[in-house]
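Undergrad: Starting off with a structure, shown below.
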Amino acid sequence: MEEETIWQRFLQPIFSLLIDENKLKSLSNGINWKQECDLLKDENLVYPDYYQSQNFHGIAGGYLTSSAAVTYDEITQYVLAPNETWIRQELINSVQGQPQKILDLGCGTGSSTILLKQAFPNAEVIGLDLSPFMLAIAKHKANRAGLKIKWLHGLAEKTNLLAERFDLVTASLLFHETPASISKAIIKEAYRLLTPGGQAIILDGNQESLRQTPWLTNVFEEPYIQEYAQGNLDGWLGVAGFEVIRTNPVWWMNQLSWGIKPILVERKNFQTISSLQDLEFVNLN
Ligand SMILES: C[S@@+](CC[C@H](N)C(=O)[O-])C[C@H]1O[C@@H](n2cnc3c(N)ncnc32)[C@H](O)[C@@H]1O
């Protein structure tokens, strides 16, 4: 028999006390999972090994289960101390100007995506994630709030979206969930997707604090968080070509990184679009 993880032994019982089981049941029953996932799923998408080979937060099957999707918001509200809304609001407050085309990478259940749409109601907002289950919850939440957001099933490091299409690309709580090499590839992809002068904003765990608390990362079963903690977001943004880079702490355990794609960029192999109205995808293979 497999040994129980620290999460299963200690945290699951605590979270079971905190979580409102009836609320979860009614959320889960309110969604036709097969129908929603079939609608959202890109059948050609191949899940990378780093994603489907791991349990995240002690949930077998990682994010590719309805139970991961249904419990995510309930658990996250306790994990993002001192207050989830205050922390997410920092991302919104750091946006400069009025972006018109926003892409939220690794959007999960859409909590930050929805805040972005509420803050910039005239913008076209897209949330992209690898889990159709997480996207189904995101869609459900946005519909309930009466918000028009497009949900895409895809890989943040290879979106197959047209280059230079967005003026804001965000990622919240994504990078501690991916190997460092993938986080760097996602930043590179964000750079490709941004118009010159566009901004990238990354909200995640505070790398410096996480380096000092390795025990915490074992408890929460985050397979890649130590790689993330050893890295440096400012450096990763710099290597990708971003400028005016800064990372500031957000409360005790989070940080917000910001970078801008320079106006004068050397165009290498970017496939650009002639009109910002062009919503077609392009296969960059
Ligand atoms: C911790 S959740 C964060 C969700 C959301 N952004 C938030 O702030 O609550 C991480 C999300 O990233 C997604 N994810 C992980 N690797 C990904 C990748 N390579 N491309 C797209 N999504 C990814 C997972 O499916 C999951 O929904």
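Identifiers in the structure tokens: chain A, B, ... in order shown; residue index from 1 per chain; ligand index from 1 in order shown.
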Output as a tab-separated table one row per residue of chain A within 7 Å of ligand 1: the closest atom pair and its distance in Å to one decimal place, counting only C-alpha atoms and all ligand atoms, sorted by chain and residue number ascending.

TA:
```
residue	atom	partner	partner_atom_place_in_ligand_line	distance
A:Tyr51	CA	ligand 1	16 (N)	6.2
A:Tyr63	CA	ligand 1	25 (O)	5.3
A:Leu105	CA	ligand 1	21 (C)	6.1
A:Gly106	CA	ligand 1	22 (N)	3.7
A:Cys107	CA	ligand 1	6 (N)	3.8
A:Gly108	CA	ligand 1	27 (O)	3.3
A:Thr109	CA	ligand 1	5 (C)	6.0
A:Gly110	CA	ligand 1	5 (C)	6.0
A:Ser111	CA	ligand 1	9 (O)	5.7
A:Ser112	CA	ligand 1	8 (O)	5.6
A:Leu128	CA	ligand 1	21 (C)	6.3
A:Asp129	CA	ligand 1	22 (N)	3.8
A:Leu130	CA	ligand 1	22 (N)	4.2
A:Ser131	CA	ligand 1	25 (O)	4.6
A:Met134	CA	ligand 1	27 (O)	5.6
A:Gly154	CA	ligand 1	21 (C)	5.9
A:Leu155	CA	ligand 1	20 (N)	3.8
A:Ala156	CA	ligand 1	20 (N)	3.8
A:Glu157	CA	ligand 1	19 (N)	5.9
A:Ala171	CA	ligand 1	6 (N)	6.1
A:Ser172	CA	ligand 1	8 (O)	4.2
A:Leu173	CA	ligand 1	3 (C)	4.5
A:Leu174	CA	ligand 1	10 (C)	4.5
A:Glu177	CA	ligand 1	15 (C)	5.9
A:Thr178	CA	ligand 1	16 (N)	5.6
A:Ile182	CA	ligand 1	19 (N)	7.0
```

Undergrad: Any chance you could export the current selection's C-alpha atoms as a PDB file, in the first residue's frame?

TA:
```
ATOM      1  CA  TYR A  51       1.697  17.989 -16.005  1.00  0.00           C
ATOM      2  CA  TYR A  63      -5.692  19.108 -12.366  1.00  0.00           C
ATOM      3  CA  LEU A 105      -2.271  32.100 -18.883  1.00  0.00           C
ATOM      4  CA  GLY A 106      -2.922  29.107 -16.605  1.00  0.00           C
ATOM      5  CA  CYS A 107      -6.213  30.781 -15.691  1.00  0.00           C
ATOM      6  CA  GLY A 108      -7.514  27.796 -13.697  1.00  0.00           C
ATOM      7  CA  THR A 109     -10.977  28.488 -12.322  1.00  0.00           C
ATOM      8  CA  GLY A 110     -10.742  32.045 -13.650  1.00  0.00           C
ATOM      9  CA  SER A 111     -10.580  34.003 -10.379  1.00  0.00           C
ATOM     10  CA  SER A 112      -8.008  36.502 -11.691  1.00  0.00           C
ATOM     11  CA  LEU A 128      -6.192  29.726 -21.191  1.00  0.00           C
ATOM     12  CA  ASP A 129      -5.555  26.557 -19.216  1.00  0.00           C
ATOM     13  CA  LEU A 130      -4.474  22.947 -19.692  1.00  0.00           C
ATOM     14  CA  SER A 131      -7.326  21.519 -17.629  1.00  0.00           C
ATOM     15  CA  MET A 134     -10.705  23.997 -14.348  1.00  0.00           C
ATOM     16  CA  GLY A 154      -4.106  25.063 -24.370  1.00  0.00           C
ATOM     17  CA  LEU A 155      -0.482  25.089 -23.375  1.00  0.00           C
ATOM     18  CA  ALA A 156       0.775  28.362 -21.932  1.00  0.00           C
ATOM     19  CA  GLU A 157       4.250  27.739 -23.371  1.00  0.00           C
ATOM     20  CA  ALA A 171      -0.212  34.529 -15.107  1.00  0.00           C
ATOM     21  CA  SER A 172      -1.322  34.098 -11.527  1.00  0.00           C
ATOM     22  CA  LEU A 173      -0.167  31.187  -9.377  1.00  0.00           C
ATOM     23  CA  LEU A 174       1.037  29.319 -12.469  1.00  0.00           C
ATOM     24  CA  GLU A 177       3.269  24.655 -10.697  1.00  0.00           C
ATOM     25  CA  THR A 178       5.599  24.205 -13.675  1.00  0.00           C
ATOM     26  CA  ILE A 182       8.616  25.606 -18.691  1.00  0.00           C
TER      27      ILE A 182
END
```

Undergrad: Determine, using only C-alpha atoms, which residues of segment 98-181 of chain A have any atom at most 7 Å from an atom of segment 29-41 of chain A, and tabulate each with its shortest atom pair and distance in Å to one decimal place, rows ordered by chain and then rising number, as a tab-separated table.

TA:
```
residue	atom	partner	partner_atom	distance
A:Pro132	CA	A:Cys37	CA	5.3
A:Phe133	CA	A:Cys37	CA	6.4
A:Ala136	CA	A:Glu36	CA	6.0
A:Leu152	CA	A:Leu40	CA	7.0
A:His153	CA	A:Lys41	CA	5.8
```

Undergrad: Using the selection just defined, write its residues with N, CA and C atoms as a CSV table (one decimal), in the first residue's frame.

TA:
```csv
chain,number,residue,atom,x,y,z
A,132,PRO,N,-9.4,21.1,-18.8
A,132,PRO,CA,-10.8,21.4,-19.2
A,132,PRO,C,-11.7,21.5,-18.0
A,133,PHE,N,-11.3,20.8,-16.9
A,133,PHE,CA,-12.2,20.8,-15.7
A,133,PHE,C,-12.1,22.1,-15.0
A,136,ALA,N,-14.0,24.5,-17.0
A,136,ALA,CA,-15.5,24.4,-16.9
A,136,ALA,C,-16.0,25.2,-15.7
A,152,LEU,N,-10.0,29.1,-23.3
A,152,LEU,CA,-9.2,28.3,-24.3
A,152,LEU,C,-8.5,27.1,-23.6
A,153,HIS,N,-8.6,26.0,-24.1
A,153,HIS,CA,-7.8,24.8,-23.6
A,153,HIS,C,-6.5,24.8,-24.4
```

Undergrad: Would you please give, as a PyMOL selection string, all residues of segment 71-226 of chain A that DSSP assigns to strand (DSSP E) based on the backbone?

TA: chain A and resi 101-105+124-129+150-153+166-172+194-205

Undergrad: For atom CA of Asn160 of chain A and atom CA of Ile126 of chain A, quote the distance in Å rounded to one decimal.

TA: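 Atom CA of Ile126 of chain A lies 13.6 Å from atom CA of Asn160 of chain A.
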
Undergrad: Measuring atom to atom with only C-alpha atoms, identify which of A:Trp258, A:Glu43, A:Leu115, A:Gly238 is nearest to Thr85 of chain A.

TA: A:Leu115

Undergrad: So what do you get for atom CA of Phe242 of chain A versus atom CA of Leu103 of chain A, distance-wise?

TA: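 Going from atom CA of Phe242 of chain A over to atom CA of Leu103 of chain A covers 17.0 Å.
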
Undergrad: Hey, what does DSSP flag as alpha helix (DSSP H) within segment 37-158 of chain A? Can you give it to me as a PyMOL selection string?

TA: chain A and resi 37-40+49-52+66-79+84-93+111-119+132-144

Undergrad: May I have the residues within 10 Å of Pro262 of chain A as a list in words, using only C-alpha atoms and disregarding those fewer than 6 positions away in the same chain?

TA: Tyr191, Leu194, Thr195, Pro196, Gly197, Gly198, Gln199, Gly241, Phe242, Glu243 and Val244 of chain A

Undergrad: Mind writing the picked residues with C-alpha atoms as a PDB file, in the first residue's frame?

TA:
```pdb
ATOM      1  CA  TYR A 191       6.781  38.104 -25.010  1.00  0.00           C
ATOM      2  CA  LEU A 194       2.519  40.909 -26.619  1.00  0.00           C
ATOM      3  CA  THR A 195       2.377  43.971 -28.812  1.00  0.00           C
ATOM      4  CA  PRO A 196       5.440  46.213 -28.429  1.00  0.00           C
ATOM      5  CA  GLY A 197       4.798  48.300 -25.322  1.00  0.00           C
ATOM      6  CA  GLY A 198       2.553  45.557 -23.898  1.00  0.00           C
ATOM      7  CA  GLN A 199       2.909  44.407 -20.316  1.00  0.00           C
ATOM      8  CA  GLY A 241      13.693  40.567 -23.627  1.00  0.00           C
ATOM      9  CA  PHE A 242      11.389  42.414 -21.223  1.00  0.00           C
ATOM     10  CA  GLU A 243      12.385  45.833 -19.886  1.00  0.00           C
ATOM     11  CA  VAL A 244      11.469  48.051 -16.913  1.00  0.00           C
TER      12      VAL A 244
END
```

Undergrad: In Å, rounded to a single decimal, give me how far atom CA of Leu193 of chain A is from atom CA of Leu162 of chain A.

TA: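 Calculated distance between atom CA of Leu162 of chain A and atom CA of Leu193 of chain A is 6.7 Å.
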
Undergrad: Counting only C-alpha atoms, figure out which residue out of A:Ser28, A:Gln100, A:Thr113, A:Asn44 gets nearest to Ala68 of chain A.

TA: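 Of A:Ser28, A:Gln100, A:Thr113, A:Asn44, the one nearest Ala68 of chain A is A:Ser28, counting only C-alpha atoms.
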
Undergrad: List the neighbours of Asn254 of chain A out to 7 Å using only C-alpha atoms; skip same-chain residues closer than 6 positions along the sequence, and give me the result as a VMD selection string.

TA: chain A and resid 204 to 206

Undergrad: Write a file of the just-selected residues containing N, CA and C atoms, as a CSV table (one decimal), in the first residue's frame.

TA:
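Written file, out-v7.csv:
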```
chain,number,residue,atom,x,y,z
A,204,ASP,N,2.7,35.4,-8.1
A,204,ASP,CA,3.0,34.0,-7.6
A,204,ASP,C,3.6,34.0,-6.2
A,205,GLY,N,4.0,32.9,-5.8
A,205,GLY,CA,4.7,32.8,-4.5
A,205,GLY,C,5.9,33.6,-4.4
A,206,ASN,N,6.3,34.1,-3.3
A,206,ASN,CA,7.5,34.9,-3.1
A,206,ASN,C,8.7,34.0,-3.1
```

Undergrad: Could you name the residues that touch Ile87 of chain A at 12 Å or less, counting only C-alpha atoms, but leaving out those on the same chain fewer than 2 positions away, as a short mmCIF file (atom, residue, chain, number, x, y, z; two decimals) with C-alpha atoms, in the first residue's frame?

TA:
```
data_model
loop_
_atom_site.label_atom_id
_atom_site.label_comp_id
_atom_site.auth_asym_id
_atom_site.auth_seq_id
_atom_site.Cartn_x
_atom_site.Cartn_y
_atom_site.Cartn_z
CA THR A 76 -7.16 28.64 -2.31
CA GLN A 77 -9.06 31.11 -0.15
CA VAL A 79 -3.85 29.31 1.22
CA LEU A 80 -3.56 32.90 -0.03
CA ALA A 81 -2.92 34.69 3.24
CA PRO A 82 -3.91 37.10 4.57
CA ASN A 83 -6.75 37.53 2.04
CA GLU A 84 -7.20 36.12 -1.46
CA THR A 85 -9.03 39.17 -2.83
CA GLN A 89 -6.32 42.89 -6.42
CA GLU A 90 -2.59 43.76 -6.39
CA LEU A 91 -2.35 42.26 -9.87
CA ILE A 92 -5.24 44.40 -11.08
CA ASN A 93 -3.80 47.53 -9.43
CA SER A 94 -0.46 47.03 -11.15
CA SER A 111 -10.58 34.00 -10.38
CA SER A 112 -8.01 36.50 -11.69
CA LEU A 115 -11.30 40.32 -11.88
CA SER A 172 -1.32 34.10 -11.53
CA LEU A 173 -0.17 31.19 -9.38
CA LEU A 203 1.59 36.96 -9.54
CA ASP A 204 2.96 33.99 -7.64
CA GLY A 205 4.67 32.78 -4.49
CA PRO A 249 6.46 41.44 -2.43
CA VAL A 250 2.72 41.06 -1.95
CA TRP A 251 1.97 40.56 1.72
CA TRP A 252 3.97 37.72 3.30
CA MET A 253 4.15 34.87 0.85
CA ASN A 254 3.51 36.29 -2.62
CA GLN A 255 5.18 38.50 -5.18
CA LEU A 256 4.19 40.44 -8.25
#
```
